[in-house]
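Structure file upload-v6.txt; described as compact mmCIF, C-alpha atoms.
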```txt
# COMPACT_ATOMS: atom_id res chain seq x y z
CA MET A 261 -6.69 -9.37 6.99
CA ILE A 262 -4.85 -12.03 5.00
CA GLY A 263 -7.57 -14.68 4.66
CA SER A 264 -5.92 -17.23 6.94
CA LEU A 265 -7.15 -19.53 9.68
CA SER A 266 -6.34 -18.65 13.28
CA GLN A 267 -4.32 -21.85 13.73
CA GLU A 268 -2.08 -20.78 10.83
CA ILE A 269 -0.70 -17.78 12.76
CA ILE A 270 2.39 -17.90 14.98
CA PHE A 271 3.07 -14.72 16.97
CA THR A 272 6.65 -13.43 16.95
CA SER A 273 8.60 -10.43 18.19
CA GLY A 274 8.54 -8.93 14.70
CA GLY A 275 9.47 -9.43 11.07
CA THR A 276 13.13 -10.21 11.68
CA GLU A 277 12.31 -13.19 13.88
CA ALA A 278 9.60 -14.41 11.50
CA ASN A 279 11.94 -14.27 8.50
CA ASN A 280 14.77 -15.98 10.37
CA LEU A 281 12.35 -18.70 11.46
CA VAL A 282 11.55 -19.46 7.82
CA MET A 283 15.24 -19.65 6.79
CA HIS A 284 15.98 -21.89 9.77
CA THR A 285 13.03 -24.13 8.92
CA ALA A 286 14.05 -24.55 5.28
CA VAL A 287 17.53 -25.80 6.15
CA LYS A 288 16.25 -28.02 8.94
CA HIS A 289 13.49 -29.46 6.75
CA PHE A 290 15.92 -30.27 3.95
CA GLY A 291 18.19 -32.17 6.33
CA LYS A 292 15.40 -34.10 8.02
CA THR A 293 13.40 -34.89 4.90
CA TYR A 294 15.92 -35.22 2.10
CA GLY A 295 19.29 -35.42 3.82
CA SER A 296 19.14 -39.21 4.09
CA THR A 297 18.34 -39.80 0.42
CA GLU A 298 20.97 -40.77 -2.10
CA GLY A 299 22.39 -37.65 -3.73
CA ALA A 300 20.95 -35.24 -1.17
CA ARG A 301 23.70 -36.24 1.25
CA GLN A 302 26.15 -34.71 -1.20
CA GLN A 303 24.22 -31.45 -1.60
CA LEU A 304 23.41 -28.42 0.48
CA PRO A 305 19.88 -27.03 0.56
CA HIS A 306 19.41 -24.38 -2.10
CA VAL A 307 17.42 -21.15 -1.70
CA VAL A 308 16.23 -18.77 -4.42
CA SER A 309 15.81 -15.14 -3.40
CA SER A 310 16.09 -11.66 -4.93
CA VAL A 311 18.64 -8.87 -4.78
CA MET A 312 16.13 -6.45 -3.20
CA GLU A 313 15.24 -8.34 -0.02
CA HIS A 314 15.26 -6.77 3.41
CA ASP A 315 18.32 -7.48 5.55
CA SER A 316 16.24 -9.77 7.78
CA VAL A 317 16.12 -12.15 4.81
CA LYS A 318 19.40 -11.30 3.11
CA LEU A 319 21.69 -11.50 6.14
CA PRO A 320 20.41 -14.87 7.45
CA LEU A 321 20.95 -16.28 3.97
CA GLN A 322 24.46 -14.83 3.83
CA HIS A 323 25.15 -16.38 7.23
CA LEU A 324 23.95 -19.80 6.05
CA VAL A 325 26.24 -19.58 3.03
CA ALA A 326 29.22 -18.48 5.17
CA GLU A 327 28.63 -21.44 7.50
CA SER A 328 28.38 -23.83 4.51
CA CYS A 329 24.82 -24.66 5.50
CA ALA A 330 23.10 -23.59 2.27
CA GLU A 331 23.52 -22.29 -1.26
CA VAL A 332 21.66 -19.19 -2.45
CA THR A 333 20.82 -17.80 -5.87
CA TYR A 334 19.78 -14.15 -6.05
CA VAL A 335 17.67 -13.24 -9.06
CA PRO A 336 17.92 -9.66 -10.40
CA VAL A 337 15.27 -6.97 -10.56
CA SER A 338 14.07 -5.69 -13.91
CA LYS A 339 15.18 -2.13 -14.61
CA VAL A 340 11.91 -1.66 -16.53
CA THR A 341 9.36 -3.07 -14.11
CA GLY A 342 11.15 -2.97 -10.74
CA GLN A 343 10.05 -6.58 -10.31
CA VAL A 344 11.71 -9.96 -10.31
CA SER A 345 11.04 -12.02 -13.41
CA VAL A 346 8.99 -15.14 -12.70
CA ALA A 347 10.95 -16.89 -15.44
CA ASP A 348 14.24 -16.00 -13.69
CA VAL A 349 12.97 -17.45 -10.43
CA VAL A 350 11.78 -20.68 -12.05
CA ASN A 351 15.01 -21.03 -14.04
CA ALA A 352 17.02 -20.68 -10.83
CA VAL A 353 15.35 -23.73 -9.28
CA ARG A 354 17.62 -26.77 -8.88
CA PRO A 355 16.96 -30.36 -7.78
CA ASN A 356 18.10 -29.35 -4.27
CA THR A 357 16.03 -26.15 -4.05
CA ILE A 358 14.07 -26.14 -0.80
CA LEU A 359 12.88 -22.53 -0.52
CA VAL A 360 11.96 -19.54 -2.67
CA THR A 361 11.68 -16.26 -0.75
CA VAL A 362 10.71 -12.99 -2.45
CA MET A 363 9.13 -9.97 -0.75
CA LEU A 364 5.56 -9.02 -1.66
CA ALA A 365 6.30 -5.30 -2.15
CA ASN A 366 9.61 -3.51 -1.97
CA ASN A 367 10.06 -1.20 0.99
CA GLU A 368 11.98 1.45 -0.97
CA THR A 369 10.32 1.58 -4.38
CA GLY A 370 6.88 0.20 -3.48
CA ALA A 371 6.97 -2.13 -6.51
CA VAL A 372 4.59 -5.05 -5.96
CA GLN A 373 6.08 -8.41 -6.92
CA PRO A 374 4.26 -11.15 -8.89
CA ILE A 375 4.11 -13.58 -5.99
CA GLY A 376 0.89 -15.37 -6.97
CA GLU A 377 2.13 -16.06 -10.49
CA MET A 378 5.54 -17.08 -9.16
CA THR A 379 4.06 -19.56 -6.70
CA GLU A 380 1.77 -21.06 -9.34
CA ARG A 381 4.73 -21.59 -11.69
CA ILE A 382 6.74 -23.25 -8.93
CA ARG A 383 3.85 -25.55 -8.03
CA ARG A 384 3.37 -26.39 -11.71
CA LEU A 385 7.07 -27.14 -12.03
CA ARG A 386 6.80 -29.76 -9.31
CA ARG A 387 3.58 -31.21 -10.71
CA SER A 388 5.19 -31.58 -14.13
CA GLY A 389 7.73 -33.96 -12.64
CA HIS A 390 10.81 -31.79 -13.14
CA GLU A 391 11.45 -31.65 -9.40
CA THR A 392 10.90 -34.43 -6.89
CA GLN A 393 10.79 -32.53 -3.59
CA ARG A 394 8.43 -29.89 -2.32
CA ILE A 395 9.68 -26.34 -2.76
CA LEU A 396 8.57 -24.08 0.07
CA VAL A 397 7.54 -20.51 -0.82
CA HIS A 398 7.81 -17.51 1.50
CA THR A 399 6.97 -13.84 1.06
CA ASP A 400 7.77 -11.00 3.42
CA ALA A 401 4.57 -8.93 3.31
CA ALA A 402 5.73 -6.33 5.85
CA GLN A 403 5.55 -3.38 3.50
CA ALA A 404 2.38 -4.40 1.66
CA LEU A 405 -0.01 -4.97 4.55
CA GLY A 406 -2.26 -2.00 5.23
CA LYS A 407 -1.69 -0.52 1.78
CA MET A 408 -3.19 -3.19 -0.49
CA ARG A 409 -5.40 -6.25 -0.22
CA VAL A 410 -3.40 -9.36 0.68
CA ASN A 411 -4.92 -12.84 0.59
CA VAL A 412 -2.88 -15.97 1.17
CA GLN A 413 -5.33 -18.02 -0.89
CA ASP A 414 -4.47 -15.92 -3.94
CA LEU A 415 -0.73 -15.90 -3.21
CA GLN A 416 -0.62 -19.68 -2.47
CA VAL A 417 2.47 -19.23 -0.30
CA ASP A 418 3.58 -21.51 2.52
CA TYR A 419 4.75 -18.64 4.72
CA LEU A 420 3.95 -14.92 4.96
CA THR A 421 5.60 -12.44 7.30
CA ILE A 422 3.44 -9.90 9.17
CA VAL A 423 4.85 -6.80 10.92
CA GLY A 424 2.50 -4.84 13.17
CA HIS A 425 3.99 -1.37 13.14
CA LYS A 426 3.82 -1.24 9.34
CA PHE A 427 0.03 -0.94 9.55
CA TYR A 428 -0.33 1.20 12.70
CA GLY A 429 -0.13 -1.75 15.09
CA PRO A 430 2.32 -2.40 17.92
CA ARG A 431 5.95 -3.38 17.37
CA ASN A 432 5.43 -7.10 17.14
CA GLY A 433 4.64 -9.50 14.33
CA ALA A 434 3.49 -12.90 13.22
CA LEU A 435 4.21 -15.63 10.73
CA TYR A 436 1.52 -17.24 8.61
CA VAL A 437 2.22 -20.96 8.16
CA SER A 438 -0.06 -22.60 5.62
CA SER A 439 -2.11 -25.68 6.47
CA ALA A 440 -3.73 -25.81 3.00
CA ASP A 441 -3.29 -29.09 1.11
CA VAL A 442 -0.15 -30.18 2.99
CA GLN A 443 0.88 -28.57 6.29
CA ALA A 444 3.96 -26.39 5.79
CA PRO A 445 6.75 -27.44 8.15
CA LEU A 446 7.99 -25.18 10.95
CA TYR A 447 10.94 -25.95 13.21
CA PRO A 448 11.45 -23.87 16.37
CA MET A 449 14.62 -21.87 16.91
CA LEU A 450 13.93 -21.57 20.65
CA PHE A 451 13.08 -24.19 23.27
CA GLY A 452 11.32 -23.65 26.56
CA GLY A 453 7.65 -23.36 27.38
CA GLY A 454 4.93 -24.67 25.14
CA GLN A 455 3.64 -21.31 23.94
CA GLU A 456 2.58 -20.99 20.29
CA ARG A 457 2.25 -24.79 20.13
CA ALA A 458 5.94 -25.01 21.15
CA LEU A 459 6.91 -23.51 17.78
CA ARG A 460 7.81 -20.15 19.29
CA PRO A 461 8.11 -20.66 23.05
CA GLY A 462 8.25 -17.78 25.50
CA THR A 463 5.49 -15.97 27.36
CA GLU A 464 3.49 -13.93 24.86
CA SER A 465 2.64 -10.27 25.38
CA THR A 466 -1.14 -10.39 25.46
CA ALA A 467 -1.36 -6.61 25.09
CA LEU A 468 0.77 -6.57 21.95
CA ILE A 469 -1.16 -9.46 20.42
CA ALA A 470 -4.48 -7.75 21.18
CA GLY A 471 -3.16 -4.57 19.57
CA LEU A 472 -2.03 -6.49 16.52
CA GLY A 473 -5.47 -8.05 16.25
CA THR A 474 -7.22 -4.69 16.42
CA ALA A 475 -4.89 -3.17 13.83
CA SER A 476 -5.46 -6.19 11.56
CA GLN A 477 -9.24 -5.81 11.85
CA LEU A 478 -9.01 -2.14 10.91
CA VAL A 479 -7.03 -3.08 7.82
CA ALA A 480 -9.47 -5.83 6.89
CA ASP A 481 -12.39 -3.39 7.16
CA ASN A 482 -10.83 -0.27 5.64
CA VAL A 483 -7.83 -1.08 3.43
CA ASP A 484 -9.54 0.00 0.20
CA LYS A 485 -10.41 3.38 1.72
CA TYR A 486 -6.90 3.76 3.11
CA ALA A 487 -5.38 2.97 -0.28
CA VAL A 488 -7.53 5.49 -2.18
CA HIS A 489 -6.61 8.25 0.28
CA MET A 490 -2.88 7.49 0.21
CA HIS A 491 -2.87 7.28 -3.58
CA GLU A 492 -4.51 10.70 -3.93
CA VAL A 493 -2.17 12.37 -1.43
CA ARG A 494 0.93 10.66 -2.88
CA ASP A 495 0.04 11.89 -6.38
CA TYR A 496 -0.48 15.39 -5.00
CA LEU A 497 2.98 15.17 -3.41
CA LYS A 498 4.51 14.26 -6.77
CA ARG A 499 2.78 17.20 -8.49
CA ARG A 500 3.97 19.64 -5.83
CA LEU A 501 7.54 18.38 -6.10
CA GLN A 502 7.48 18.84 -9.88
CA GLU A 503 6.09 22.38 -9.50
CA THR A 504 8.62 23.34 -6.83
CA PHE A 505 11.67 21.76 -8.49
CA PRO A 506 10.87 22.00 -12.23
CA GLY A 507 13.12 19.71 -14.25
CA ARG A 508 15.08 18.80 -11.12
CA VAL A 509 13.22 15.77 -9.75
CA HIS A 510 13.63 12.11 -10.63
CA PHE A 511 11.00 9.67 -9.37
CA ASN A 512 12.78 6.40 -8.57
CA SER A 513 9.54 4.52 -7.94
CA GLU A 514 8.03 4.97 -11.40
CA PHE A 515 8.13 1.86 -13.57
CA ALA A 516 6.39 0.38 -16.59
CA ALA A 517 2.62 0.74 -16.71
CA GLU A 518 2.01 -2.91 -15.81
CA THR A 519 3.80 -2.58 -12.46
CA ASP A 520 1.64 -1.98 -9.40
CA VAL A 521 3.25 0.35 -6.87
CA LEU A 522 2.09 0.76 -3.29
CA PRO A 523 -0.11 3.86 -2.93
CA ASN A 524 1.92 5.42 -0.11
CA THR A 525 5.40 5.34 -1.63
CA CYS A 526 7.25 8.17 -3.36
CA ASN A 527 10.96 7.58 -3.79
CA VAL A 528 12.39 10.76 -5.30
CA SER A 529 15.76 12.34 -5.97
CA LEU A 530 16.35 16.10 -6.12
CA LEU A 531 18.93 16.52 -8.86
CA GLY A 532 22.10 18.44 -8.07
CA LYS A 533 25.53 17.45 -6.77
CA GLU A 534 24.96 19.33 -3.49
CA LEU A 535 21.64 17.58 -2.82
CA SER A 536 22.53 14.17 -1.46
CA GLY A 537 19.61 12.65 0.40
CA ARG A 538 21.41 12.69 3.71
CA ARG A 539 22.38 16.36 3.43
CA VAL A 540 18.90 17.42 2.35
CA LEU A 541 17.24 15.61 5.26
CA SER A 542 19.74 17.06 7.72
CA GLY A 543 18.68 20.53 6.56
CA CYS A 544 14.95 19.89 6.94
CA ARG A 545 13.28 21.28 10.03
CA LYS A 546 9.94 19.43 9.80
CA LEU A 547 10.23 16.49 7.40
CA GLN A 548 10.88 13.05 8.87
CA ALA A 549 11.97 10.61 6.14
CA SER A 550 14.78 8.26 5.16
CA ILE A 551 17.19 7.82 2.28
CA GLY A 552 16.50 4.11 1.92
CA ALA A 553 15.15 1.35 4.12
CA ALA A 554 13.95 3.13 7.24
CA CYS A 555 15.78 0.75 9.59
CA HIS A 556 19.16 1.26 7.85
CA SER A 557 21.15 4.30 8.90
CA HIS A 558 24.54 3.37 7.43
CA ALA A 559 24.09 3.15 3.67
CA GLU A 560 24.87 6.20 1.55
CA VAL A 561 23.49 4.75 -1.69
CA SER A 562 20.60 2.30 -1.87
CA ALA A 563 21.55 -1.07 -3.32
CA VAL A 564 17.89 -1.57 -4.20
CA LEU A 565 17.78 1.57 -6.36
CA LEU A 566 21.05 0.62 -8.04
CA SER A 567 19.63 -2.83 -8.83
CA CYS A 568 16.61 -1.11 -10.41
CA GLY A 569 18.90 0.80 -12.78
CA VAL A 570 18.91 4.17 -11.01
CA PRO A 571 22.28 5.88 -11.76
CA PRO A 572 24.56 6.13 -8.70
CA ASP A 573 24.58 9.94 -8.66
CA VAL A 574 20.77 9.97 -8.71
CA ALA A 575 20.44 7.17 -6.14
CA ARG A 576 22.76 9.10 -3.83
CA ASN A 577 20.18 11.90 -3.71
CA ALA A 578 17.21 9.63 -3.02
CA LEU A 579 14.56 10.45 -0.43
CA ARG A 580 12.03 7.83 0.57
CA LEU A 581 8.85 9.78 1.23
CA SER A 582 5.78 7.94 2.51
CA VAL A 583 2.27 9.22 3.10
CA GLY A 584 -0.15 7.69 5.58
CA ARG A 585 -3.81 7.27 6.36
CA GLU A 586 -4.11 10.73 7.90
CA THR A 587 -1.63 12.69 5.76
CA THR A 588 -3.29 15.77 4.27
CA ARG A 589 -2.50 18.05 1.34
CA ARG A 590 -1.63 20.71 3.89
CA ASP A 591 0.98 18.34 5.34
CA VAL A 592 2.38 17.86 1.84
CA ASP A 593 2.62 21.63 1.28
CA VAL A 594 4.54 22.03 4.54
CA VAL A 595 6.96 19.25 3.65
CA VAL A 596 7.61 20.49 0.12
CA GLU A 597 8.36 23.97 1.42
CA ASP A 598 10.71 22.43 3.99
CA LEU A 599 12.52 20.62 1.18
CA ARG A 600 12.67 23.78 -0.92
CA GLN A 601 14.32 25.72 1.87
CA ALA A 602 16.80 22.92 2.66
CA ALA A 603 17.78 22.60 -1.01
CA ALA A 604 18.14 26.36 -1.41
CA THR A 605 20.44 26.54 1.60
CA LEU A 606 22.64 23.73 0.30
CA GLN A 607 22.87 25.33 -3.13
CA GLY A 608 23.60 28.78 -1.67
CA SER A 609 20.57 30.48 -3.16
```

Mind turning the file's structure into structure tokens?
Amino acid sequence: MIGSLSQEIIFTSGGTEANNLVMHTAVKHFGKTYGSTEGARQQLPHVVSSVMEHDSVKLPLQHLVAESCAEVTYVPVSKVTGQVSVADVVNAVRPNTILVTVMLANNETGAVQPIGEMTERIRRLRRSGHETQRILVHTDAAQALGKMRVNVQDLQVDYLTIVGHKFYGPRNGALYVSSADVQAPLYPMLFGGGQERALRPGTESTALIAGLGTASQLVADNVDKYAVHMHEVRDYLKRRLQETFPGRVHFNSEFAAETDVLPNTCNVSLLGKELSGRRVLSGCRKLQASIGAACHSHAEVSAVLLSCGVPPDVARNALRLSVGRETTRRDVDVVVEDLRQAAATLQGS
């Protein structure tokens, strides 16, 4: 599915654990490898990330900063492309930078990030002699897998996070740890049995791993077909929304032509002060969706959309609609009618 070797995969409980394992490793590796050198003793490890990362990356980094264990620079997202700028990432690198972590595709907008180009620039930076230590590169591919082709040889990353339920697998995950050129380091957070080469000890769930393997094989064999279907149905959804709410829809996941967007994602706002995303969804009888990241239930306005330049009053009305492998046009018609009725009720018409 990702073009890796079997020995490069460490099974985890999910994406949160995999991401935390990378953050933990970066700090540990800096201390063990560079902490004894002159100058490094006076510095904390530095991480470059983006403002649109999932909480399972953002919160561990915030914790490391609060505990005075690391420094973090967050690069912005372009309001034109919905992507991080490779130049911004490279310019954020310092002599004590140990890790760059940027997601492969955003879970709210679907915007695919230029990870391959970013990694190549970082590698070139080190080869040019501007930096003396190896900079580790991580991407959280949770949202991208199953919707687009992903190959670690093209991305050139040291670590890649895999989440099973994002591509119709069980609720577990894995971490790709590169052995290309130089083995990427990995330091365990847990200690116990010798499972997963003692890098992630604890008795594995064979059933979940088998399920993840089957789901991965289905993606490897069929991802192009899945993507074509989702793209067609997603575009039909957008047309139906425009027909049903003429002049009253704003697509938050539309960017410049050069930006690739995942084929399943439609982030849309129904315009009107009464039509906040939360209120609209509460009035729907059939639609199951979210107003932002699906695992966040507390946020009223998406910080990701705000960082992409969506006005606050529009972001407040956002609905994150996603189509799947088996979603039909009939399903779309049912959902759009559900939205129409919910909006009409809220607006008293």

Would you mind listing what lies within 10 Å of Val317 in chain A as a PDB file with C-alpha atoms, keeping the file's coordinate frame, with only C-alpha atoms counted and same-chain residues fewer than 4 positions away left out?
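This went into selection_13.pdb:
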```
ATOM      1  CA  GLY A 275       9.470  -9.430  11.070  1.00  0.00           C
ATOM      2  CA  THR A 276      13.130 -10.210  11.680  1.00  0.00           C
ATOM      3  CA  GLU A 277      12.310 -13.190  13.880  1.00  0.00           C
ATOM      4  CA  ALA A 278       9.600 -14.410  11.500  1.00  0.00           C
ATOM      5  CA  ASN A 279      11.940 -14.270   8.500  1.00  0.00           C
ATOM      6  CA  ASN A 280      14.770 -15.980  10.370  1.00  0.00           C
ATOM      7  CA  VAL A 282      11.550 -19.460   7.820  1.00  0.00           C
ATOM      8  CA  MET A 283      15.240 -19.650   6.790  1.00  0.00           C
ATOM      9  CA  SER A 309      15.810 -15.140  -3.400  1.00  0.00           C
ATOM     10  CA  SER A 310      16.090 -11.660  -4.930  1.00  0.00           C
ATOM     11  CA  MET A 312      16.130  -6.450  -3.200  1.00  0.00           C
ATOM     12  CA  GLU A 313      15.240  -8.340  -0.020  1.00  0.00           C
ATOM     13  CA  LEU A 321      20.950 -16.280   3.970  1.00  0.00           C
ATOM     14  CA  GLN A 322      24.460 -14.830   3.830  1.00  0.00           C
ATOM     15  CA  THR A 361      11.680 -16.260  -0.750  1.00  0.00           C
ATOM     16  CA  VAL A 362      10.710 -12.990  -2.450  1.00  0.00           C
ATOM     17  CA  MET A 363       9.130  -9.970  -0.750  1.00  0.00           C
ATOM     18  CA  ASP A 400       7.770 -11.000   3.420  1.00  0.00           C
TER      19      ASP A 400
END
```

Exercise. Which protein, DNA or RNA residues have an atom at most 8 Å from (15.0, -25.4, -8.0), counting all atoms listed in the file? List them as a VMD selection string.
Worked result: chain A and resid 306 to 308 350 to 358 391 395

Exercise. Taking (0.7, -8.8, 17.3) in the file's coordinates as the center, which residues reach within 9 Å of it, counting only C-alpha atoms, put as an NGL selection string?
Worked result: :A and (271-274 or 422-424 or 429-434 or 465-476)

Exercise. Skipping near chain neighbours, those fewer than 3 positions away, what residues fall within 12 Å of range 537-540 of chain A using all atoms listed in the file, listed as a count of residues only?
Worked result: 44

Seminar exercise, completed: Of A:Met449, A:Val349, A:Ala402, A:Val570, the one sitting nearest Ile375 in chain A when using only C-alpha atoms is A:Val349

Exercise. What's the 12 Å shell around Ser513 in chain A, counting all atoms listed in the file, without same-chain residues fewer than 5 positions away, as a PyMOL selection string?
Worked result: chain A and resi 339-343+365-372+494+498+519-529+564-565+568-570+575+578-582

Problem set entry | Selected residue, from A:Leu324, A:Ile382, A:Val583, A:Val592, that lies nearest to Tyr486 in chain A when counting all atoms listed in the file |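 Nearest candidate to Tyr486 in chain A out of A:Leu324, A:Ile382, A:Val583, A:Val592: A:Val583.
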
Exercise. With only C-alpha atoms as the atoms that count, which of A:Leu420, A:Leu497, A:Met261, A:Val360 lies nearest to Met408 in chain A?
Worked result: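 For Met408 in chain A, the nearest of the given residues is A:Met261.
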
Problem set entry | CA of Arg500 in chain A to CA of Gly584 in chain A, distance in Å rounded to a single decimal |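 The value is 17.0 Å.
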
Exercise. Rounded to one decimal in Å, what is the spacing between CA of Gln403 in chain A and CA of Ala440 in chain A?
Worked result: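 These atoms are spaced 24.3 Å apart.
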
For this session: Select, from A:Val311, A:Gly507, A:Leu405, A:Asp414, the residue with the minimum atom-to-atom distance to Pro336 in chain A, counting only C-alpha atoms.
Result: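 With only C-alpha atoms as the atom set, the closest residue is A:Val311.
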
Problem set entry | Atom-to-atom span, CA of Ile262 in chain A and CA of Glu464 in chain A, Å |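 Those two atoms sit 21.6 Å apart.
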
Problem set entry | Pick from A:Lys485, A:Arg381, A:Arg394, A:Arg585, whichever lies nearest to Thr293 in chain A using all atoms listed in the file | A:Arg394

For this session: Might you pull out every residue within 10 Å of Gln455 in chain A, with only C-alpha atoms counted and same-chain residues fewer than 4 positions away left off, and present them as a list of chain:residue names?
Result: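 Near Gln455 in chain A, the qualifying residues are A:Ile270, A:Phe271, A:Phe451, A:Leu459, A:Arg460, A:Pro461, A:Gly462, A:Thr463, A:Glu464.
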
Repaired coordinates for range 589-596 of chain A (all heavy atoms) as a PDB file, in the frame of the given file:
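Result went into part.pdb, see below:
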```
ATOM      1  N   ARG A 589      -3.178  17.198   2.324  1.00  0.00           N
ATOM      2  CA  ARG A 589      -2.500  18.050   1.340  1.00  0.00           C
ATOM      3  C   ARG A 589      -1.763  19.184   2.030  1.00  0.00           C
ATOM      4  O   ARG A 589      -0.694  19.612   1.565  1.00  0.00           O
ATOM      5  CB  ARG A 589      -3.519  18.585   0.331  1.00  0.00           C
ATOM      6  CG  ARG A 589      -4.111  17.504  -0.561  1.00  0.00           C
ATOM      7  CD  ARG A 589      -4.918  18.087  -1.697  1.00  0.00           C
ATOM      8  NE  ARG A 589      -5.384  17.037  -2.589  1.00  0.00           N
ATOM      9  CZ  ARG A 589      -5.667  17.208  -3.870  1.00  0.00           C
ATOM     10  NH1 ARG A 589      -5.551  18.415  -4.422  1.00  0.00           N
ATOM     11  NH2 ARG A 589      -6.093  16.209  -4.617  1.00  0.00           N
ATOM     12  N   ARG A 590      -2.316  19.666   3.115  1.00  0.00           N
ATOM     13  CA  ARG A 590      -1.630  20.710   3.890  1.00  0.00           C
ATOM     14  C   ARG A 590      -0.297  20.170   4.415  1.00  0.00           C
ATOM     15  O   ARG A 590       0.722  20.889   4.381  1.00  0.00           O
ATOM     16  CB  ARG A 590      -2.524  21.169   5.039  1.00  0.00           C
ATOM     17  CG  ARG A 590      -1.851  22.100   6.040  1.00  0.00           C
ATOM     18  CD  ARG A 590      -1.354  23.373   5.390  1.00  0.00           C
ATOM     19  NE  ARG A 590      -0.636  24.207   6.363  1.00  0.00           N
ATOM     20  CZ  ARG A 590       0.259  25.118   6.030  1.00  0.00           C
ATOM     21  NH1 ARG A 590       0.577  25.316   4.749  1.00  0.00           N
ATOM     22  NH2 ARG A 590       0.850  25.835   6.957  1.00  0.00           N
ATOM     23  N   ASP A 591      -0.281  18.957   4.897  1.00  0.00           N
ATOM     24  CA  ASP A 591       0.980  18.340   5.340  1.00  0.00           C
ATOM     25  C   ASP A 591       1.985  18.303   4.198  1.00  0.00           C
ATOM     26  O   ASP A 591       3.185  18.584   4.384  1.00  0.00           O
ATOM     27  CB  ASP A 591       0.731  16.916   5.842  1.00  0.00           C
ATOM     28  CG  ASP A 591      -0.132  16.858   7.089  1.00  0.00           C
ATOM     29  OD1 ASP A 591      -0.083  17.812   7.886  1.00  0.00           O
ATOM     30  OD2 ASP A 591      -0.861  15.853   7.249  1.00  0.00           O
ATOM     31  N   VAL A 592       1.503  17.932   3.010  1.00  0.00           N
ATOM     32  CA  VAL A 592       2.380  17.860   1.840  1.00  0.00           C
ATOM     33  C   VAL A 592       2.964  19.238   1.529  1.00  0.00           C
ATOM     34  O   VAL A 592       4.165  19.373   1.261  1.00  0.00           O
ATOM     35  CB  VAL A 592       1.615  17.309   0.621  1.00  0.00           C
ATOM     36  CG1 VAL A 592       2.428  17.493  -0.663  1.00  0.00           C
ATOM     37  CG2 VAL A 592       1.275  15.841   0.830  1.00  0.00           C
ATOM     38  N   ASP A 593       2.142  20.275   1.562  1.00  0.00           N
ATOM     39  CA  ASP A 593       2.620  21.630   1.280  1.00  0.00           C
ATOM     40  C   ASP A 593       3.724  22.040   2.255  1.00  0.00           C
ATOM     41  O   ASP A 593       4.736  22.645   1.867  1.00  0.00           O
ATOM     42  CB  ASP A 593       1.461  22.632   1.361  1.00  0.00           C
ATOM     43  CG  ASP A 593       0.448  22.451   0.239  1.00  0.00           C
ATOM     44  OD1 ASP A 593       0.827  21.887  -0.820  1.00  0.00           O
ATOM     45  OD2 ASP A 593      -0.719  22.859   0.420  1.00  0.00           O
ATOM     46  N   VAL A 594       3.532  21.699   3.525  1.00  0.00           N
ATOM     47  CA  VAL A 594       4.540  22.030   4.540  1.00  0.00           C
ATOM     48  C   VAL A 594       5.852  21.310   4.256  1.00  0.00           C
ATOM     49  O   VAL A 594       6.943  21.906   4.333  1.00  0.00           O
ATOM     50  CB  VAL A 594       4.010  21.671   5.945  1.00  0.00           C
ATOM     51  CG1 VAL A 594       5.127  21.781   6.986  1.00  0.00           C
ATOM     52  CG2 VAL A 594       2.844  22.575   6.328  1.00  0.00           C
ATOM     53  N   VAL A 595       5.762  20.050   3.906  1.00  0.00           N
ATOM     54  CA  VAL A 595       6.960  19.250   3.650  1.00  0.00           C
ATOM     55  C   VAL A 595       7.689  19.735   2.410  1.00  0.00           C
ATOM     56  O   VAL A 595       8.934  19.834   2.395  1.00  0.00           O
ATOM     57  CB  VAL A 595       6.564  17.750   3.514  1.00  0.00           C
ATOM     58  CG1 VAL A 595       7.662  16.960   2.826  1.00  0.00           C
ATOM     59  CG2 VAL A 595       6.272  17.161   4.881  1.00  0.00           C
ATOM     60  N   VAL A 596       6.969  20.033   1.357  1.00  0.00           N
ATOM     61  CA  VAL A 596       7.610  20.490   0.120  1.00  0.00           C
ATOM     62  C   VAL A 596       8.311  21.820   0.335  1.00  0.00           C
ATOM     63  O   VAL A 596       9.425  22.046  -0.159  1.00  0.00           O
ATOM     64  CB  VAL A 596       6.584  20.571  -1.030  1.00  0.00           C
ATOM     65  CG1 VAL A 596       7.201  21.241  -2.256  1.00  0.00           C
ATOM     66  CG2 VAL A 596       6.079  19.182  -1.391  1.00  0.00           C
TER      67      VAL A 596
END
```
